[in-house]
>>> print(open('structure-v3.pdb').read())   # PDB, C-alpha atoms
MODEL        1
ATOM      1  CA  MET A  11     -49.365   8.838   6.688  1.00  0.00           C
ATOM      2  CA  LYS A  12     -47.175   9.280   3.638  1.00  0.00           C
ATOM      3  CA  PHE A  13     -44.524  11.994   3.311  1.00  0.00           C
ATOM      4  CA  MET A  14     -43.192  13.422   0.065  1.00  0.00           C
ATOM      5  CA  PHE A  15     -39.837  15.189  -0.154  1.00  0.00           C
ATOM      6  CA  VAL A  16     -39.577  17.701  -2.969  1.00  0.00           C
ATOM      7  CA  VAL A  17     -36.120  18.721  -4.183  1.00  0.00           C
ATOM      8  CA  SER A  18     -35.802  21.577  -6.640  1.00  0.00           C
ATOM      9  CA  ALA A  19     -33.923  20.969  -9.869  1.00  0.00           C
ATOM     10  CA  GLN A  20     -31.434  23.699  -8.943  1.00  0.00           C
ATOM     11  CA  ARG A  21     -30.661  22.174  -5.551  1.00  0.00           C
ATOM     12  CA  LEU A  22     -30.318  18.711  -7.100  1.00  0.00           C
ATOM     13  CA  LYS A  23     -27.875  20.099  -9.676  1.00  0.00           C
ATOM     14  CA  GLN A  24     -25.801  21.675  -6.889  1.00  0.00           C
ATOM     15  CA  TRP A  25     -25.575  18.390  -5.007  1.00  0.00           C
ATOM     16  CA  MET A  26     -24.600  16.513  -8.172  1.00  0.00           C
ATOM     17  CA  ILE A  27     -21.771  18.984  -8.838  1.00  0.00           C
ATOM     18  CA  ILE A  28     -20.487  18.599  -5.273  1.00  0.00           C
ATOM     19  CA  LEU A  29     -20.683  14.802  -5.456  1.00  0.00           C
ATOM     20  CA  THR A  30     -18.853  14.738  -8.805  1.00  0.00           C
ATOM     21  CA  ALA A  31     -16.091  16.960  -7.442  1.00  0.00           C
ATOM     22  CA  LEU A  32     -15.632  14.723  -4.406  1.00  0.00           C
ATOM     23  CA  LEU A  33     -15.426  11.595  -6.571  1.00  0.00           C
ATOM     24  CA  MET A  34     -12.862  13.227  -8.864  1.00  0.00           C
ATOM     25  CA  ALA A  35     -10.751  14.315  -5.896  1.00  0.00           C
ATOM     26  CA  ALA A  36     -10.854  10.808  -4.449  1.00  0.00           C
ATOM     27  CA  GLY A  37      -9.848   9.342  -7.805  1.00  0.00           C
ATOM     28  CA  ILE A  38      -6.885  11.681  -8.164  1.00  0.00           C
ATOM     29  CA  ALA A  39      -5.751  10.949  -4.599  1.00  0.00           C
ATOM     30  CA  TYR A  40      -5.917   7.200  -5.256  1.00  0.00           C
ATOM     31  CA  ALA A  41      -4.051   7.444  -8.547  1.00  0.00           C
ATOM     32  CA  GLU A  42      -1.284   9.495  -6.975  1.00  0.00           C
ATOM     33  CA  ARG A  43      -1.031   7.573  -3.700  1.00  0.00           C
ATOM     34  CA  ASP A  44       2.460   6.311  -4.588  1.00  0.00           C
ATOM     35  CA  ALA A  45       3.791   9.644  -5.798  1.00  0.00           C
ATOM     36  CA  ILE A  46       3.370  11.912  -2.795  1.00  0.00           C
ATOM     37  CA  ALA A  47       6.450  13.742  -1.595  1.00  0.00           C
ATOM     38  CA  VAL A  48       6.843  14.928   1.973  1.00  0.00           C
ATOM     39  CA  ILE A  49       6.791  18.730   1.893  1.00  0.00           C
ATOM     40  CA  SER A  50       7.839  20.915   4.817  1.00  0.00           C
ATOM     41  CA  ASP A  51       7.874  24.739   4.704  1.00  0.00           C
ATOM     42  CA  GLY A  52       7.968  24.666   0.921  1.00  0.00           C
ATOM     43  CA  VAL A  53      11.006  22.375   0.856  1.00  0.00           C
ATOM     44  CA  GLN A  54      10.821  18.751  -0.158  1.00  0.00           C
ATOM     45  CA  ALA A  55      11.745  16.647   2.854  1.00  0.00           C
ATOM     46  CA  PRO A  56      13.669  13.344   2.697  1.00  0.00           C
ATOM     47  CA  GLN A  57      11.806  10.557   0.956  1.00  0.00           C
ATOM     48  CA  ALA A  58      11.707   6.796   0.903  1.00  0.00           C
ATOM     49  CA  ILE A  59      11.962   5.530  -2.656  1.00  0.00           C
ATOM     50  CA  TYR A  60       9.580   2.751  -3.667  1.00  0.00           C
ATOM     51  CA  LYS A  61       9.843   2.794  -7.456  1.00  0.00           C
ATOM     52  CA  ILE A  62      10.849   4.978 -10.382  1.00  0.00           C
ATOM     53  CA  ASP A  63       8.569   6.539 -12.990  1.00  0.00           C
ATOM     54  CA  THR A  64       9.889   5.375 -16.335  1.00  0.00           C
ATOM     55  CA  LYS A  65       8.591   3.733 -19.469  1.00  0.00           C
ATOM     56  CA  GLU A  66      11.895   1.940 -19.979  1.00  0.00           C
ATOM     57  CA  LYS A  67      11.834  -1.699 -19.023  1.00  0.00           C
ATOM     58  CA  LYS A  68      14.425  -1.435 -16.287  1.00  0.00           C
ATOM     59  CA  ILE A  69      14.049  -3.260 -13.000  1.00  0.00           C
ATOM     60  CA  ALA A  70      16.140  -3.561  -9.831  1.00  0.00           C
ATOM     61  CA  LEU A  71      16.405  -6.872  -8.006  1.00  0.00           C
ATOM     62  CA  THR A  72      17.309  -6.236  -4.370  1.00  0.00           C
ATOM     63  CA  PHE A  73      18.367  -8.717  -1.694  1.00  0.00           C
ATOM     64  CA  ASP A  74      18.337  -8.152   2.072  1.00  0.00           C
ATOM     65  CA  ILE A  75      20.738 -10.178   4.228  1.00  0.00           C
ATOM     66  CA  SER A  76      20.700 -10.115   8.027  1.00  0.00           C
ATOM     67  CA  TRP A  77      21.685 -13.615   9.122  1.00  0.00           C
ATOM     68  CA  GLY A  78      22.788 -17.070   8.026  1.00  0.00           C
ATOM     69  CA  GLU A  79      25.451 -18.429   5.701  1.00  0.00           C
ATOM     70  CA  THR A  80      23.759 -20.971   3.437  1.00  0.00           C
ATOM     71  CA  ARG A  81      21.527 -18.917   1.100  1.00  0.00           C
ATOM     72  CA  ALA A  82      23.612 -16.016  -0.149  1.00  0.00           C
ATOM     73  CA  THR A  83      26.119 -18.095  -2.118  1.00  0.00           C
ATOM     74  CA  PRO A  84      23.500 -20.104  -4.076  1.00  0.00           C
ATOM     75  CA  ILE A  85      21.799 -16.820  -5.013  1.00  0.00           C
ATOM     76  CA  LEU A  86      25.095 -15.354  -6.163  1.00  0.00           C
ATOM     77  CA  ASP A  87      25.711 -18.520  -8.178  1.00  0.00           C
ATOM     78  CA  VAL A  88      22.333 -18.169  -9.909  1.00  0.00           C
ATOM     79  CA  LEU A  89      23.009 -14.527 -10.766  1.00  0.00           C
ATOM     80  CA  ARG A  90      26.378 -15.502 -12.230  1.00  0.00           C
ATOM     81  CA  GLU A  91      24.942 -18.427 -14.201  1.00  0.00           C
ATOM     82  CA  LYS A  92      22.172 -16.219 -15.589  1.00  0.00           C
ATOM     83  CA  LYS A  93      24.660 -13.445 -16.384  1.00  0.00           C
ATOM     84  CA  VAL A  94      22.872 -10.906 -14.209  1.00  0.00           C
ATOM     85  CA  SER A  95      25.688  -8.530 -13.337  1.00  0.00           C
ATOM     86  CA  LYS A  96      23.618  -5.782 -11.735  1.00  0.00           C
ATOM     87  CA  ALA A  97      21.589  -6.063  -8.530  1.00  0.00           C
ATOM     88  CA  THR A  98      21.633  -4.398  -5.108  1.00  0.00           C
ATOM     89  CA  PHE A  99      22.369  -6.142  -1.805  1.00  0.00           C
ATOM     90  CA  PHE A 100      21.435  -4.548   1.521  1.00  0.00           C
ATOM     91  CA  LEU A 101      23.712  -5.992   4.199  1.00  0.00           C
ATOM     92  CA  SER A 102      23.371  -5.775   7.963  1.00  0.00           C
ATOM     93  CA  ALA A 103      26.622  -4.840   9.703  1.00  0.00           C
ATOM     94  CA  PRO A 104      26.802  -7.745  12.194  1.00  0.00           C
ATOM     95  CA  TRP A 105      26.184 -10.260   9.411  1.00  0.00           C
ATOM     96  CA  SER A 106      28.834  -8.605   7.256  1.00  0.00           C
ATOM     97  CA  GLN A 107      31.390  -8.825  10.063  1.00  0.00           C
ATOM     98  CA  ARG A 108      30.677 -12.525  10.518  1.00  0.00           C
ATOM     99  CA  HIS A 109      30.844 -13.285   6.789  1.00  0.00           C
ATOM    100  CA  PRO A 110      33.471 -11.035   5.185  1.00  0.00           C
ATOM    101  CA  GLU A 111      34.172 -13.675   2.541  1.00  0.00           C
ATOM    102  CA  ILE A 112      30.594 -13.463   1.231  1.00  0.00           C
ATOM    103  CA  VAL A 113      30.718  -9.667   1.303  1.00  0.00           C
ATOM    104  CA  LYS A 114      33.915  -9.895  -0.731  1.00  0.00           C
ATOM    105  CA  ARG A 115      32.179 -12.186  -3.236  1.00  0.00           C
ATOM    106  CA  ILE A 116      29.254  -9.762  -3.589  1.00  0.00           C
ATOM    107  CA  LYS A 117      31.687  -6.910  -4.181  1.00  0.00           C
ATOM    108  CA  GLU A 118      33.896  -8.830  -6.613  1.00  0.00           C
ATOM    109  CA  ASP A 119      30.860  -9.932  -8.615  1.00  0.00           C
ATOM    110  CA  GLY A 120      30.172  -6.234  -9.168  1.00  0.00           C
ATOM    111  CA  PHE A 121      26.934  -5.871  -7.269  1.00  0.00           C
ATOM    112  CA  GLU A 122      25.873  -2.702  -5.499  1.00  0.00           C
ATOM    113  CA  ILE A 123      25.989  -2.827  -1.692  1.00  0.00           C
ATOM    114  CA  GLY A 124      23.749  -0.778   0.565  1.00  0.00           C
ATOM    115  CA  SER A 125      23.288  -0.716   4.328  1.00  0.00           C
ATOM    116  CA  HIS A 126      20.684  -2.766   6.171  1.00  0.00           C
ATOM    117  CA  GLY A 127      21.538  -1.087   9.455  1.00  0.00           C
ATOM    118  CA  ASN A 128      23.108  -2.552  12.561  1.00  0.00           C
ATOM    119  CA  ASN A 129      20.548  -4.006  14.978  1.00  0.00           C
ATOM    120  CA  HIS A 130      17.757  -5.739  13.085  1.00  0.00           C
ATOM    121  CA  ASP A 131      15.034  -3.876  14.924  1.00  0.00           C
ATOM    122  CA  PHE A 132      12.328  -1.231  14.490  1.00  0.00           C
ATOM    123  CA  TYR A 133      14.245   2.031  14.265  1.00  0.00           C
ATOM    124  CA  SER A 134      11.161   4.225  14.571  1.00  0.00           C
ATOM    125  CA  LYS A 135      10.949   3.280  18.256  1.00  0.00           C
ATOM    126  CA  TYR A 136      14.511   4.495  18.914  1.00  0.00           C
ATOM    127  CA  SER A 137      15.571   7.917  20.142  1.00  0.00           C
ATOM    128  CA  ASP A 138      17.243  10.234  17.642  1.00  0.00           C
ATOM    129  CA  GLU A 139      20.631   9.486  19.180  1.00  0.00           C
ATOM    130  CA  GLU A 140      20.158   5.718  18.960  1.00  0.00           C
ATOM    131  CA  ILE A 141      19.000   5.949  15.334  1.00  0.00           C
ATOM    132  CA  ARG A 142      22.217   7.793  14.502  1.00  0.00           C
ATOM    133  CA  THR A 143      24.254   5.252  16.446  1.00  0.00           C
ATOM    134  CA  GLN A 144      22.742   2.290  14.601  1.00  0.00           C
ATOM    135  CA  ILE A 145      23.203   3.839  11.164  1.00  0.00           C
ATOM    136  CA  SER A 146      26.713   5.052  12.042  1.00  0.00           C
ATOM    137  CA  LYS A 147      27.884   1.652  13.313  1.00  0.00           C
ATOM    138  CA  ALA A 148      26.740  -0.039  10.138  1.00  0.00           C
ATOM    139  CA  HIS A 149      28.281   2.708   8.024  1.00  0.00           C
ATOM    140  CA  THR A 150      31.698   2.295   9.614  1.00  0.00           C
ATOM    141  CA  ILE A 151      31.689  -1.488   9.314  1.00  0.00           C
ATOM    142  CA  LEU A 152      30.456  -1.617   5.711  1.00  0.00           C
ATOM    143  CA  THR A 153      32.806   1.148   4.568  1.00  0.00           C
ATOM    144  CA  GLU A 154      35.749  -0.813   5.925  1.00  0.00           C
ATOM    145  CA  LEU A 155      34.628  -4.074   4.336  1.00  0.00           C
ATOM    146  CA  ILE A 156      33.686  -2.817   0.877  1.00  0.00           C
ATOM    147  CA  GLY A 157      36.189   0.030   0.602  1.00  0.00           C
ATOM    148  CA  LYS A 158      33.633   2.739  -0.138  1.00  0.00           C
ATOM    149  CA  LYS A 159      30.882   4.579   1.698  1.00  0.00           C
ATOM    150  CA  PRO A 160      27.418   3.138   1.116  1.00  0.00           C
ATOM    151  CA  THR A 161      24.791   5.751   0.258  1.00  0.00           C
ATOM    152  CA  LEU A 162      21.647   3.614   0.159  1.00  0.00           C
ATOM    153  CA  ILE A 163      19.932   2.129   3.188  1.00  0.00           C
ATOM    154  CA  ARG A 164      16.982  -0.173   3.638  1.00  0.00           C
ATOM    155  CA  LEU A 165      15.915  -0.011   7.248  1.00  0.00           C
ATOM    156  CA  PRO A 166      15.428  -3.346   9.038  1.00  0.00           C
ATOM    157  CA  ASN A 167      11.841  -4.577   8.685  1.00  0.00           C
ATOM    158  CA  GLY A 168      11.261  -1.707   6.252  1.00  0.00           C
ATOM    159  CA  ASP A 169      10.392   0.347   9.325  1.00  0.00           C
ATOM    160  CA  PHE A 170      10.843   4.122   9.515  1.00  0.00           C
ATOM    161  CA  ASP A 171       9.077   7.387  10.224  1.00  0.00           C
ATOM    162  CA  LYS A 172       9.833  11.021   9.412  1.00  0.00           C
ATOM    163  CA  ARG A 173      12.527  11.168  12.092  1.00  0.00           C
ATOM    164  CA  VAL A 174      14.351   8.157  10.699  1.00  0.00           C
ATOM    165  CA  LEU A 175      14.131   9.564   7.163  1.00  0.00           C
ATOM    166  CA  GLN A 176      15.479  12.935   8.244  1.00  0.00           C
ATOM    167  CA  ILE A 177      18.331  11.451  10.275  1.00  0.00           C
ATOM    168  CA  ALA A 178      19.301   8.995   7.520  1.00  0.00           C
ATOM    169  CA  SER A 179      19.279  11.831   4.991  1.00  0.00           C
ATOM    170  CA  SER A 180      21.430  14.036   7.233  1.00  0.00           C
ATOM    171  CA  MET A 181      23.964  11.199   7.327  1.00  0.00           C
ATOM    172  CA  GLY A 182      24.132  11.010   3.532  1.00  0.00           C
ATOM    173  CA  TYR A 183      21.714   8.124   2.987  1.00  0.00           C
ATOM    174  CA  THR A 184      18.747   7.589   0.701  1.00  0.00           C
ATOM    175  CA  VAL A 185      16.109   5.243   2.142  1.00  0.00           C
ATOM    176  CA  ILE A 186      15.075   2.503  -0.289  1.00  0.00           C
ATOM    177  CA  GLN A 187      11.859   0.513   0.000  1.00  0.00           C
ATOM    178  CA  TRP A 188      10.232  -1.637  -2.678  1.00  0.00           C
ATOM    179  CA  ASP A 189       7.129  -1.762  -4.847  1.00  0.00           C
ATOM    180  CA  THR A 190       7.036  -5.510  -5.507  1.00  0.00           C
ATOM    181  CA  ASP A 191       7.362  -7.878  -2.563  1.00  0.00           C
ATOM    182  CA  SER A 192       8.262 -11.468  -3.428  1.00  0.00           C
ATOM    183  CA  GLN A 193       7.302 -12.543   0.114  1.00  0.00           C
ATOM    184  CA  ASP A 194      10.027 -15.152  -0.244  1.00  0.00           C
ATOM    185  CA  TRP A 195      10.799 -15.010   3.473  1.00  0.00           C
ATOM    186  CA  THR A 196       7.458 -16.737   4.159  1.00  0.00           C
ATOM    187  CA  ASN A 197       8.584 -19.749   2.073  1.00  0.00           C
ATOM    188  CA  PRO A 198       5.203 -20.014   0.311  1.00  0.00           C
ATOM    189  CA  GLY A 199       6.508 -22.260  -2.466  1.00  0.00           C
ATOM    190  CA  VAL A 200       8.643 -21.566  -5.524  1.00  0.00           C
ATOM    191  CA  ASP A 201       5.682 -21.021  -7.858  1.00  0.00           C
ATOM    192  CA  VAL A 202       4.109 -18.527  -5.477  1.00  0.00           C
ATOM    193  CA  ILE A 203       7.329 -16.511  -5.191  1.00  0.00           C
ATOM    194  CA  VAL A 204       7.664 -16.447  -8.982  1.00  0.00           C
ATOM    195  CA  ASN A 205       4.060 -15.310  -9.388  1.00  0.00           C
ATOM    196  CA  ASN A 206       4.384 -12.692  -6.647  1.00  0.00           C
ATOM    197  CA  VAL A 207       7.148 -11.045  -8.661  1.00  0.00           C
ATOM    198  CA  LEU A 208       5.999 -11.555 -12.242  1.00  0.00           C
ATOM    199  CA  SER A 209       2.387 -10.544 -11.617  1.00  0.00           C
ATOM    200  CA  LYS A 210       3.431  -7.147 -10.232  1.00  0.00           C
ATOM    201  CA  ALA A 211       6.716  -6.336 -11.971  1.00  0.00           C
ATOM    202  CA  HIS A 212       6.703  -3.129 -14.008  1.00  0.00           C
ATOM    203  CA  PRO A 213       9.172  -0.630 -15.513  1.00  0.00           C
ATOM    204  CA  GLY A 214      11.076   1.181 -12.764  1.00  0.00           C
ATOM    205  CA  ASP A 215      10.211  -1.478 -10.191  1.00  0.00           C
ATOM    206  CA  ILE A 216      12.253  -2.238  -7.078  1.00  0.00           C
ATOM    207  CA  VAL A 217      11.789  -5.914  -6.173  1.00  0.00           C
ATOM    208  CA  LEU A 218      12.254  -7.151  -2.608  1.00  0.00           C
ATOM    209  CA  LEU A 219      14.014 -10.506  -2.208  1.00  0.00           C
ATOM    210  CA  HIS A 220      16.057 -12.003   0.638  1.00  0.00           C
ATOM    211  CA  ALA A 221      19.327 -13.902   0.877  1.00  0.00           C
ATOM    212  CA  SER A 222      19.116 -14.735   4.580  1.00  0.00           C
ATOM    213  CA  ASP A 223      18.773 -18.320   5.738  1.00  0.00           C
ATOM    214  CA  THR A 224      15.090 -17.803   6.529  1.00  0.00           C
ATOM    215  CA  SER A 225      14.390 -17.639   2.789  1.00  0.00           C
ATOM    216  CA  LYS A 226      14.832 -21.234   1.709  1.00  0.00           C
ATOM    217  CA  GLU A 227      13.257 -21.036  -1.749  1.00  0.00           C
ATOM    218  CA  THR A 228      14.587 -17.789  -3.228  1.00  0.00           C
ATOM    219  CA  HIS A 229      17.486 -19.376  -5.096  1.00  0.00           C
ATOM    220  CA  LEU A 230      15.045 -21.894  -6.589  1.00  0.00           C
ATOM    221  CA  ALA A 231      12.583 -19.258  -7.781  1.00  0.00           C
ATOM    222  CA  LEU A 232      15.221 -16.831  -9.046  1.00  0.00           C
ATOM    223  CA  PRO A 233      16.122 -18.587 -12.342  1.00  0.00           C
ATOM    224  CA  THR A 234      12.517 -18.516 -13.557  1.00  0.00           C
ATOM    225  CA  ILE A 235      12.051 -14.913 -12.419  1.00  0.00           C
ATOM    226  CA  ILE A 236      15.168 -13.845 -14.311  1.00  0.00           C
ATOM    227  CA  ASP A 237      14.321 -15.817 -17.472  1.00  0.00           C
ATOM    228  CA  LYS A 238      10.741 -14.571 -17.702  1.00  0.00           C
ATOM    229  CA  LEU A 239      11.576 -10.930 -16.952  1.00  0.00           C
ATOM    230  CA  ARG A 240      14.372 -11.017 -19.512  1.00  0.00           C
ATOM    231  CA  ALA A 241      12.093 -12.652 -22.094  1.00  0.00           C
ATOM    232  CA  ASP A 242       9.630  -9.828 -21.461  1.00  0.00           C
ATOM    233  CA  GLY A 243      12.316  -7.317 -22.357  1.00  0.00           C
ATOM    234  CA  TYR A 244      13.480  -6.216 -18.924  1.00  0.00           C
ATOM    235  CA  GLU A 245      17.011  -5.002 -18.221  1.00  0.00           C
ATOM    236  CA  PHE A 246      18.428  -5.609 -14.743  1.00  0.00           C
ATOM    237  CA  VAL A 247      20.012  -2.544 -13.129  1.00  0.00           C
ATOM    238  CA  THR A 248      21.152  -1.419  -9.692  1.00  0.00           C
ATOM    239  CA  VAL A 249      18.950   0.798  -7.555  1.00  0.00           C
ATOM    240  CA  SER A 250      21.354   3.699  -8.057  1.00  0.00           C
ATOM    241  CA  GLU A 251      21.181   3.293 -11.826  1.00  0.00           C
ATOM    242  CA  LEU A 252      17.405   3.144 -11.650  1.00  0.00           C
ATOM    243  CA  ILE A 253      17.268   6.372  -9.662  1.00  0.00           C
ATOM    244  CA  ALA A 254      19.743   8.287 -11.808  1.00  0.00           C
ATOM    245  CA  GLY A 255      17.992  10.757 -14.087  1.00  0.00           C
ATOM    246  CA  SER A 256      14.514   9.411 -13.354  1.00  0.00           C
ATOM    247  CA  GLN A 257      11.406  10.642 -11.557  1.00  0.00           C
ATOM    248  CA  VAL A 258      11.257   9.121  -8.094  1.00  0.00           C
ATOM    249  CA  ASN A 259       8.026   7.789  -6.604  1.00  0.00           C
ATOM    250  CA  SER A 260       7.765   8.207  -2.869  1.00  0.00           C
ATOM    251  CA  GLN A 261       5.079   7.982  -0.207  1.00  0.00           C
ATOM    252  CA  GLU A 262       3.988  10.434   2.444  1.00  0.00           C
ATOM    253  CA  ILE A 263       5.101   9.436   5.929  1.00  0.00           C
ATOM    254  CA  ASN A 264       3.024  10.482   8.916  1.00  0.00           C
TER     255      ASN A 264
ENDMDL
END
>>> encode(input="structure-v3.pdb", output="structure tokens")
Amino acid sequence: MKFMFVVSAQRLKQWMIILTALLMAAGIAYAERDAIAVISDGVQAPQAIYKIDTKEKKIALTFDISWGETRATPILDVLREKKVSKATFFLSAPWSQRHPEIVKRIKEDGFEIGSHGNNHDFYSKYSDEEIRTQISKAHTILTELIGKKPTLIRLPNGDFDKRVLQIASSMGYTVIQWDTDSQDWTNPGVDVIVNNVLSKAHPGDIVLLHASDTSKETHLALPTIIDKLRADGYEFVTVSELIAGSQVNSQEIN
């Protein structure tokens, strides 16, 4: 037995309108996925910054350091040789205490220094009190070493939740993430690191690199990254300079 389903033209039109509206809503949500601010009671809550909305070809190279003593200096040498005077280093407190001479070099070379916390752990699993303790310990140590209070922080492992954001903000910090990940810490090969950066770099980008001993190829990939970005018209700036006077892109944190 055959069955025939008859749908009126009016009903079909209604369903098409609904379907079109849903598709448009999904498209808008996808397009704006990187520009969602956390809103609470009509007030914009603390945000983690991933990139900056700008048409200017400005880009921030950032370097995380949490352990080791053999990779930071070669990276600093490359930056000096390539005349890159602006970049941002996120330093863990224990590493900074063990290597004050490298911290001094980073400072004297004019680079921006932010906090990378104290324990290199997942802060979202900590209690509120322990989060404050970890950020505070690093703050005290870095302030003493660099002679000024850091105001930017990249949490270890890039891990945070709303609590961590709120506590960091209450302590005077802005949480910095990244939009382009070099994945240099996986040591995938110099060409892969270069491609990971150049294929995704864009105006207002924050690029994640590492200067810890785990990242054995960063200093080898860096010259090509710098040369090609510069040839493409990019200007290297600090994260703070990138943020200043620009529209921040953030992501909603559950």
>>> resolve_selection(input="structure-v3.pdb", expression="the PyMOL selection byres ((chain A and resi 214) around 8)", output="list in words")
Lys61, Ile62, Asp63, Thr64, Lys65, Glu66, Lys67, Lys68, Ile69, Ala70, His212, Pro213, Asp215, Ile216 and Leu252 of chain A
>>> closest_residue(input="structure-v3.pdb", among="A:Thr72, A:Asn128, A:Gln57, A:Gln187", to="Arg173 (chain A)", atoms="all atoms listed in the file")
A:Gln57
>>> atom_distance(input="structure-v3.pdb", atom1="CA of Ile156 (chain A)", atom2="CA of Tyr183 (chain A)")
16.4 Å
>>> closest_residue(input="structure-v3.pdb", among="A:Leu86, A:Asn197, A:Phe100, A:Ser192", to="Thr224 (chain A)", atoms="all atoms listed in the file")
A:Asn197
>>> residues_near_point(input="structure-v3.pdb", point="(13.8, -1.7, 8.9)", cutoff="12 Å", atoms="all atoms listed in the file", output="PyMOL selection string")
chain A and resi 58+74-76+100-102+125-136+141+144-145+163-171+174-175+185-187
>>> write_last_selection(input="structure-v3.pdb", atoms="C-alpha atoms", output="compact mmCIF listing (two decimals), in the frame of the given file")
# COMPACT_ATOMS: atom_id res chain seq x y z
CA ALA A 58 11.71 6.80 0.90
CA ASP A 74 18.34 -8.15 2.07
CA ILE A 75 20.74 -10.18 4.23
CA SER A 76 20.70 -10.12 8.03
CA PHE A 100 21.44 -4.55 1.52
CA LEU A 101 23.71 -5.99 4.20
CA SER A 102 23.37 -5.78 7.96
CA SER A 125 23.29 -0.72 4.33
CA HIS A 126 20.68 -2.77 6.17
CA GLY A 127 21.54 -1.09 9.46
CA ASN A 128 23.11 -2.55 12.56
CA ASN A 129 20.55 -4.01 14.98
CA HIS A 130 17.76 -5.74 13.08
CA ASP A 131 15.03 -3.88 14.92
CA PHE A 132 12.33 -1.23 14.49
CA TYR A 133 14.24 2.03 14.26
CA SER A 134 11.16 4.22 14.57
CA LYS A 135 10.95 3.28 18.26
CA TYR A 136 14.51 4.50 18.91
CA ILE A 141 19.00 5.95 15.33
CA GLN A 144 22.74 2.29 14.60
CA ILE A 145 23.20 3.84 11.16
CA ILE A 163 19.93 2.13 3.19
CA ARG A 164 16.98 -0.17 3.64
CA LEU A 165 15.92 -0.01 7.25
CA PRO A 166 15.43 -3.35 9.04
CA ASN A 167 11.84 -4.58 8.68
CA GLY A 168 11.26 -1.71 6.25
CA ASP A 169 10.39 0.35 9.32
CA PHE A 170 10.84 4.12 9.52
CA ASP A 171 9.08 7.39 10.22
CA VAL A 174 14.35 8.16 10.70
CA LEU A 175 14.13 9.56 7.16
CA VAL A 185 16.11 5.24 2.14
CA ILE A 186 15.08 2.50 -0.29
CA GLN A 187 11.86 0.51 0.00
>>> residues_around(input="structure-v3.pdb", residues="region 200-203 of chain A", least_positions_apart="3", cutoff="9 Å", atoms="all atoms listed in the file", output="PyMOL selection string")
chain A and resi 192-194+197+206-208+227-228+230-232+235
>>> closest_residue(input="structure-v3.pdb", among="A:Thr190, A:Val204, A:His220, A:Lys210", to="Thr234 (chain A)", atoms="only C-alpha atoms")
A:Val204
>>> closest_residue(input="structure-v3.pdb", among="A:Trp195, A:Lys238, A:Lys226, A:Ala178", to="Ser209 (chain A)", atoms="all atoms listed in the file")
A:Lys238
>>> atom_distance(input="structure-v3.pdb", atom1="CA of Phe73 (chain A)", atom2="CA of Glu140 (chain A)")
25.3 Å
>>> residues_around(input="structure-v3.pdb", residues="Val247 (chain A)", least_positions_apart="2", cutoff="9 Å", atoms="only C-alpha atoms", output="list of chain:residue names")
A:Lys68, A:Ile69, A:Ala70, A:Leu71, A:Val94, A:Ser95, A:Lys96, A:Ala97, A:Thr98, A:Glu245, A:Val249, A:Ser250, A:Glu251, A:Leu252
>>> write_last_selection(input="structure-v3.pdb", atoms="C-alpha atoms", output="PDB file, keeping the file's coordinate frame")
ATOM      1  CA  LYS A  68      14.425  -1.435 -16.287  1.00  0.00           C
ATOM      2  CA  ILE A  69      14.049  -3.260 -13.000  1.00  0.00           C
ATOM      3  CA  ALA A  70      16.140  -3.561  -9.831  1.00  0.00           C
ATOM      4  CA  LEU A  71      16.405  -6.872  -8.006  1.00  0.00           C
ATOM      5  CA  VAL A  94      22.872 -10.906 -14.209  1.00  0.00           C
ATOM      6  CA  SER A  95      25.688  -8.530 -13.337  1.00  0.00           C
ATOM      7  CA  LYS A  96      23.618  -5.782 -11.735  1.00  0.00           C
ATOM      8  CA  ALA A  97      21.589  -6.063  -8.530  1.00  0.00           C
ATOM      9  CA  THR A  98      21.633  -4.398  -5.108  1.00  0.00           C
ATOM     10  CA  GLU A 245      17.011  -5.002 -18.221  1.00  0.00           C
ATOM     11  CA  VAL A 249      18.950   0.798  -7.555  1.00  0.00           C
ATOM     12  CA  SER A 250      21.354   3.699  -8.057  1.00  0.00           C
ATOM     13  CA  GLU A 251      21.181   3.293 -11.826  1.00  0.00           C
ATOM     14  CA  LEU A 252      17.405   3.144 -11.650  1.00  0.00           C
TER      15      LEU A 252
END
>>> residues_around(input="structure-v3.pdb", residues="region 105-108 of chain A", least_positions_apart="5", cutoff="8 Å", atoms="all atoms listed in the file", output="list in words")
Ile75, Ser76, Trp77, Gly78, Val113, Ile151, Leu152 and Leu155 of chain A
